[in-house]
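K.L.:
Next comes the structure file start.txt, holding compact mmCIF, C-alpha atoms.
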# COMPACT_ATOMS: atom_id res chain seq x y z
CA MET A 182 -60.28 -60.77 53.04
CA SER A 183 -60.55 -64.35 54.26
CA ARG A 184 -60.08 -64.97 57.94
CA HIS A 185 -58.03 -67.84 59.37
CA VAL A 186 -60.10 -70.99 59.74
CA SER A 187 -59.01 -73.55 62.31
CA ASN A 188 -59.05 -77.24 61.45
CA ASP A 189 -61.79 -77.79 64.04
CA LEU A 190 -63.97 -75.07 62.50
CA LYS A 191 -63.39 -76.55 59.05
CA ARG A 192 -64.45 -79.97 60.33
CA ARG A 193 -67.60 -78.60 61.98
CA ALA A 194 -68.46 -76.61 58.85
CA ARG A 195 -68.12 -79.67 56.61
CA GLU A 196 -70.30 -81.72 58.98
CA LEU A 197 -72.95 -78.98 59.01
CA ALA A 198 -72.79 -78.62 55.21
CA THR A 199 -73.27 -82.37 54.74
CA ARG A 200 -76.05 -82.62 57.32
CA GLU A 201 -78.10 -79.70 55.99
CA GLU A 202 -77.09 -79.93 52.30
CA ILE A 203 -75.77 -76.39 52.13
CA PRO A 204 -72.46 -75.11 50.70
CA TYR A 205 -69.41 -75.47 52.91
CA SER A 206 -68.93 -71.70 52.74
CA ALA A 207 -72.50 -71.06 53.91
CA ALA A 208 -72.01 -73.48 56.80
CA LEU A 209 -68.75 -71.73 57.70
CA ALA A 210 -70.48 -68.35 57.63
CA ARG A 211 -73.22 -69.64 59.92
CA LEU A 212 -70.73 -71.00 62.45
CA ARG A 213 -68.73 -67.77 62.39
CA THR A 214 -71.76 -65.57 63.05
CA PRO A 215 -73.98 -67.23 65.67
CA ARG A 216 -77.36 -65.59 66.18
CA PRO A 217 -79.98 -65.87 68.93
CA ASP A 218 -82.38 -68.73 68.21
CA ALA A 219 -85.21 -66.33 67.43
CA ASP A 220 -83.14 -64.65 64.72
CA ARG A 221 -81.38 -67.72 63.35
CA PRO A 222 -81.87 -68.02 59.57
CA THR A 223 -83.65 -71.09 58.29
CA ASP A 224 -82.84 -72.43 54.85
CA THR A 225 -86.06 -73.15 53.00
CA ALA A 226 -87.31 -74.63 49.77
CA ALA A 227 -87.12 -72.24 46.83
CA ASP A 228 -90.89 -71.74 46.71
CA ASN A 229 -91.14 -70.59 50.35
CA PRO A 230 -90.65 -66.87 51.06
CA SER A 231 -88.03 -65.85 53.60
CA ARG A 232 -89.01 -64.46 56.98
CA PHE A 233 -85.59 -62.87 57.45
CA LEU A 234 -84.11 -59.64 56.15
CA LEU A 235 -81.04 -61.36 54.74
CA PRO A 236 -79.75 -61.78 51.19
CA GLU A 237 -81.03 -64.91 49.49
CA TYR A 238 -79.27 -67.20 47.03
CA LEU A 239 -80.51 -70.18 45.06
CA TYR A 240 -78.47 -73.34 45.64
CA VAL A 241 -78.56 -76.88 44.28
CA PRO A 242 -77.18 -79.57 46.63
CA PHE A 243 -75.31 -82.46 45.03
CA PRO A 244 -74.51 -85.84 46.59
CA PRO A 245 -70.95 -86.37 47.87
CA VAL A 246 -68.33 -87.64 45.46
CA ASP A 247 -68.14 -91.43 45.46
CA LEU A 248 -64.41 -92.09 45.79
CA LYS A 249 -64.89 -95.85 45.35
CA GLY A 250 -62.20 -96.57 47.92
CA ALA A 251 -59.63 -94.15 46.49
CA GLN A 252 -57.61 -91.91 48.80
CA PRO A 253 -59.24 -88.46 49.06
CA CYS A 254 -57.53 -85.37 47.73
CA ALA A 255 -55.68 -83.67 50.58
CA ASP A 256 -56.74 -80.18 49.50
CA CYS A 257 -60.50 -80.78 49.41
CA ASP A 258 -60.90 -83.86 51.66
CA GLY A 259 -62.47 -85.71 48.75
CA SER A 260 -65.29 -83.23 48.10
CA GLY A 261 -64.00 -82.17 44.68
CA LEU A 262 -64.69 -78.54 45.66
CA ASP A 263 -62.41 -75.64 46.47
CA GLY A 264 -60.72 -76.15 49.84
CA GLU A 265 -61.48 -72.58 50.91
CA GLY A 266 -65.15 -73.05 50.08
CA ARG A 267 -65.24 -70.22 47.56
CA THR A 268 -68.65 -69.60 46.05
CA PHE A 269 -69.86 -67.04 43.53
CA ALA A 270 -73.24 -65.45 42.89
CA GLN A 271 -74.52 -65.76 39.33
CA GLU A 272 -77.34 -63.41 38.42
CA THR A 273 -80.61 -65.03 37.28
CA ASP A 274 -83.47 -63.49 35.31
CA GLY A 275 -83.96 -60.75 37.92
CA SER A 276 -87.16 -62.09 39.43
CA ARG A 277 -85.31 -64.72 41.46
CA PRO A 278 -82.29 -64.56 43.79
CA PRO A 279 -78.80 -65.11 42.34
CA LEU A 280 -77.62 -68.68 41.89
CA LEU A 281 -74.80 -69.70 44.24
CA ILE A 282 -72.18 -71.73 42.38
CA GLU A 283 -69.16 -73.43 43.91
CA ALA A 284 -65.53 -73.35 42.83
CA VAL A 285 -63.91 -76.69 42.01
CA CYS A 286 -60.75 -77.94 43.73
CA SER A 287 -57.74 -76.84 41.67
CA THR A 288 -55.74 -79.93 42.67
CA CYS A 289 -58.05 -82.81 41.76
CA THR A 290 -60.25 -80.69 39.44
CA GLY A 291 -63.45 -82.26 40.67
CA CYS A 292 -62.85 -85.99 41.07
CA GLY A 293 -61.96 -85.77 44.78
CA ARG A 294 -59.09 -88.24 44.47
CA ALA A 295 -55.50 -87.84 45.62
CA GLU A 296 -54.13 -89.60 42.55
CA HIS A 297 -55.29 -89.65 38.95
CA ASP A 298 -54.99 -92.85 36.97
CA LEU A 299 -53.94 -91.44 33.61
CA GLU A 300 -54.12 -94.87 31.98
CA ASN A 301 -57.54 -96.01 33.18
CA GLY A 302 -59.09 -92.77 34.40
CA CYS A 303 -60.90 -92.04 37.67
CA GLY A 304 -64.37 -92.98 36.50
CA ARG A 305 -65.52 -89.40 37.04
CA LYS A 306 -65.48 -86.28 34.90
CA HIS A 307 -62.90 -83.59 35.65
CA ALA A 308 -63.08 -79.85 35.22
CA ASP A 309 -59.77 -80.27 33.39
CA PRO A 310 -60.66 -82.57 30.47
CA ASP A 311 -57.00 -83.58 30.08
CA LEU A 312 -57.43 -85.71 33.22
CA ASP A 313 -60.51 -87.55 31.97
CA ASP A 314 -60.42 -91.23 31.15
CA PRO A 315 -58.99 -91.50 27.60
CA PHE A 316 -61.39 -94.38 26.88
CA ASP A 317 -64.44 -92.74 28.46
CA ASP A 318 -66.06 -91.74 25.16
CA ASP A 319 -65.95 -95.33 23.92
CA ARG A 320 -67.02 -96.96 27.15
CA ASP A 321 -69.66 -94.75 28.73
CA ASP A 322 -71.09 -92.19 26.36
CA PRO A 323 -74.58 -91.02 27.45
CA PHE A 324 -75.21 -89.72 23.94
CA ASP A 325 -74.18 -92.95 22.18
CA ASP A 326 -76.85 -93.78 19.57
CA ARG A 327 -76.12 -97.46 20.10
CA ASP A 328 -77.69 -97.35 23.56
CA ASP A 329 -81.29 -98.55 23.73
CA GLU A 330 -82.03 -96.11 26.54
CA GLY A 331 -80.60 -92.62 26.42
CA PRO A 332 -79.96 -90.35 29.41
CA ASP A 333 -82.85 -88.68 31.22
CA CYS A 334 -81.25 -85.30 30.45
CA TYR A 335 -79.61 -84.98 27.05
CA SER A 336 -78.24 -81.56 27.98
CA CYS A 337 -75.83 -82.76 30.68
CA GLY A 338 -75.88 -86.51 30.09
CA ASP A 339 -77.30 -87.03 33.62
CA GLN A 340 -74.23 -85.48 35.23
CA GLU A 341 -76.57 -82.72 36.53
CA PHE A 342 -73.95 -79.98 36.24
CA TYR A 343 -71.35 -78.47 33.94
CA TYR A 344 -67.80 -77.41 34.69
CA VAL A 345 -67.29 -73.82 33.57
CA GLN A 346 -63.90 -72.14 33.32
CA GLY A 347 -63.58 -68.65 34.76
CA LEU A 348 -60.91 -66.05 35.38
CA LEU A 349 -60.50 -64.16 38.64
CA ARG A 350 -59.18 -60.61 38.39
CA ASP A 351 -57.77 -58.22 40.97
CA GLU A 352 -59.14 -54.76 41.73
CA ASP A 353 -57.26 -53.36 38.73
CA GLY A 354 -58.79 -55.91 36.39
CA GLU A 355 -55.60 -57.92 36.03
CA PRO A 356 -56.05 -61.72 35.79
CA ILE A 357 -54.77 -63.54 38.87
CA GLU A 358 -56.21 -67.06 38.73
CA VAL A 359 -57.97 -69.47 36.39
CA ILE A 360 -60.73 -71.37 38.20
CA TYR A 361 -63.49 -73.83 37.35
CA THR A 362 -66.98 -73.73 38.82
CA ARG A 363 -69.67 -76.39 39.07
CA ASN A 364 -72.80 -74.94 37.47
CA PRO A 365 -76.10 -76.84 37.92
CA CYS A 366 -77.96 -78.04 34.83
CA GLY A 367 -81.59 -77.02 34.37
CA CYS A 368 -82.65 -80.60 35.11
CA THR A 369 -81.95 -79.96 38.82
CA GLU A 370 -84.68 -77.28 39.05
CA ASP A 371 -86.85 -79.47 41.27
CA ARG A 372 -84.34 -79.46 44.12
CA VAL A 373 -83.26 -75.84 44.15
CA ARG A 374 -83.15 -74.41 47.69
CA VAL A 375 -82.77 -70.93 49.12
CA ILE A 376 -79.65 -70.21 51.17
CA LEU A 377 -79.80 -67.21 53.48
CA GLY A 378 -76.78 -65.16 54.51
CA ASP A 379 -74.34 -62.39 53.76
CA LEU A 380 -72.50 -62.96 50.48
CA ILE A 381 -69.30 -61.51 51.94
CA GLU A 382 -69.39 -64.18 54.64
CA VAL A 383 -70.56 -66.89 52.28
CA ALA A 384 -67.84 -66.15 49.76
CA GLY A 385 -65.15 -65.86 52.45
Translate the structure described by the file into structure tokens.
P.N.:
Amino acid sequence: MSRHVSNDLKRRARELATREEIPYSAALARLRTPRPDADRPTDTAADNPSRFLLPEYLYVPFPPVDLKGAQPCADCDGSGLDGEGRTFAQETDGSRPPLLIEAVCSTCTGCGRAEHDLENGCGRKHADPDLDDPFDDDRDDPFDDRDDEGPDCYSCGDQEFYYVQGLLRDEDGEPIEVIYTRNPCGCTEDRVRVILGDLIEVAG
């Protein structure tokens, strides 16, 4: 069960998440459970083994959403991610820690903006494709054969992630909420990091 989070704690968690390029939820977990300096977990590059007996998760940091002067969404403060910082562990091939993926804001569906320009679009992809720019395919198609130079990654079109729809269920298996998550593309492999912590805290 999620605990109440004060506005000050939310602010400090977002500052820590931005500064250290970790998920908001992981930053919140760290601030909620202070440890002596000698035992404080250190987030490391994915190829460095952990010195701490804590669960490990792979995580890909993404740059902040560029709002281009637009007013930020009130529910996610312009991050495009779930306001509660919900994250989910996705199992990998078994030889590596699970991949930590973040839920997308259900209000702005990823663009981070308070208002959606349905005529001209926001200039950014949405988890809900109905909110995408109706002219986007004609104006900025990374797979357009007419372009002299194609994208660096033809899998994601240089977006570096995919929006994936999911369904949350209660303890009885009944559906309770449709969500979208931001799943990293394989082209981000070179910047995967390891996040240390308790999944219950991280997902809280």
K.L.:
Expressed in Å to a single decimal, how great is the separation between atom CA of A:Arg363 and atom CA of A:Gly291?
P.N.:
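Calculated distance between atom CA of A:Arg363 and atom CA of A:Gly291 is 8.7 Å.
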K.L.:
So which residues touch A:Cys257 within 12 Å, counting all atoms listed in the file, skipping near sequence neighbours fewer than 6 positions away, as JSON, numbers by chain?
P.N.:
{"A": [191, 192, 195, 205, 245, 246, 263, 264, 265, 266, 267, 284, 285, 286, 287, 288, 289, 290, 291, 292, 293, 294, 295]}
K.L.:
Can you tell me how far atom CA of A:Glu341 sits from atom CA of A:Leu212, in Å to one decimal?
P.N.:
29.0 Å
K.L.:
Find, counting only C-alpha atoms, the residue in A:Gly331, A:Pro365, A:Pro236, A:Gly261 that gets nearest to A:Pro278.
P.N.:
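Result for the nearest residue to A:Pro278: A:Pro236.
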K.L.:
Counting only C-alpha atoms, figure out which residue out of A:Arg374, A:Arg277, A:Arg305, A:Arg211 gets nearest to A:Tyr240.
P.N.:
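Looking at the shortest contact to A:Tyr240, the residue is A:Arg374.
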K.L.:
Would you kindly return, as a ChimeraX atom specification, each protein, DNA or RNA residue with an atom no farther than 8 Å from any atom of A:Phe269, considering only C-alpha atoms and excluding same-chain residues fewer than 5 positions away?
P.N.:
/A:281-284,384
K.L.:
Do a neighbour search on A:Ala194 at 7 Å with all atoms listed in the file, toss out local chain neighbours closer than 4 positions, and write the hits as a PDB file with C-alpha atoms, keeping the file's coordinate frame.
P.N.:
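Result file is out.pdb:
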ATOM      1  CA  LEU A 190     -63.970 -75.070  62.500  1.00  0.00           C
ATOM      2  CA  ALA A 198     -72.790 -78.620  55.210  1.00  0.00           C
ATOM      3  CA  TYR A 205     -69.410 -75.470  52.910  1.00  0.00           C
ATOM      4  CA  ALA A 208     -72.010 -73.480  56.800  1.00  0.00           C
ATOM      5  CA  LEU A 209     -68.750 -71.730  57.700  1.00  0.00           C
TER       6      LEU A 209
END
K.L.:
Measuring between only C-alpha atoms, which one of A:Asp274, A:Cys368, A:Val345, A:Asp351 shows the shortest distance to A:Asp333?
P.N.:
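Smallest distance to A:Asp333 is found for A:Cys368.
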K.L.:
So the first atom is atom CA of A:Leu280 and the second is atom CA of A:Gly354; what is the distance between them in Å, to one decimal place?
P.N.:
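Straight-line distance from atom CA of A:Leu280 to atom CA of A:Gly354 works out to 23.4 Å.
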K.L.:
Which one of A:Asn364, A:Ser206, A:Glu296, A:Thr268 sits closest to A:Ala255 if you count all atoms listed in the file?
P.N.:
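Closest to A:Ala255 of all the choices is A:Glu296.
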K.L.:
Measuring between only C-alpha atoms, which one of A:Lys249, A:Thr369, A:Thr362, A:Ile357 shows the shortest distance to A:Gln271?
P.N.:
A:Thr362
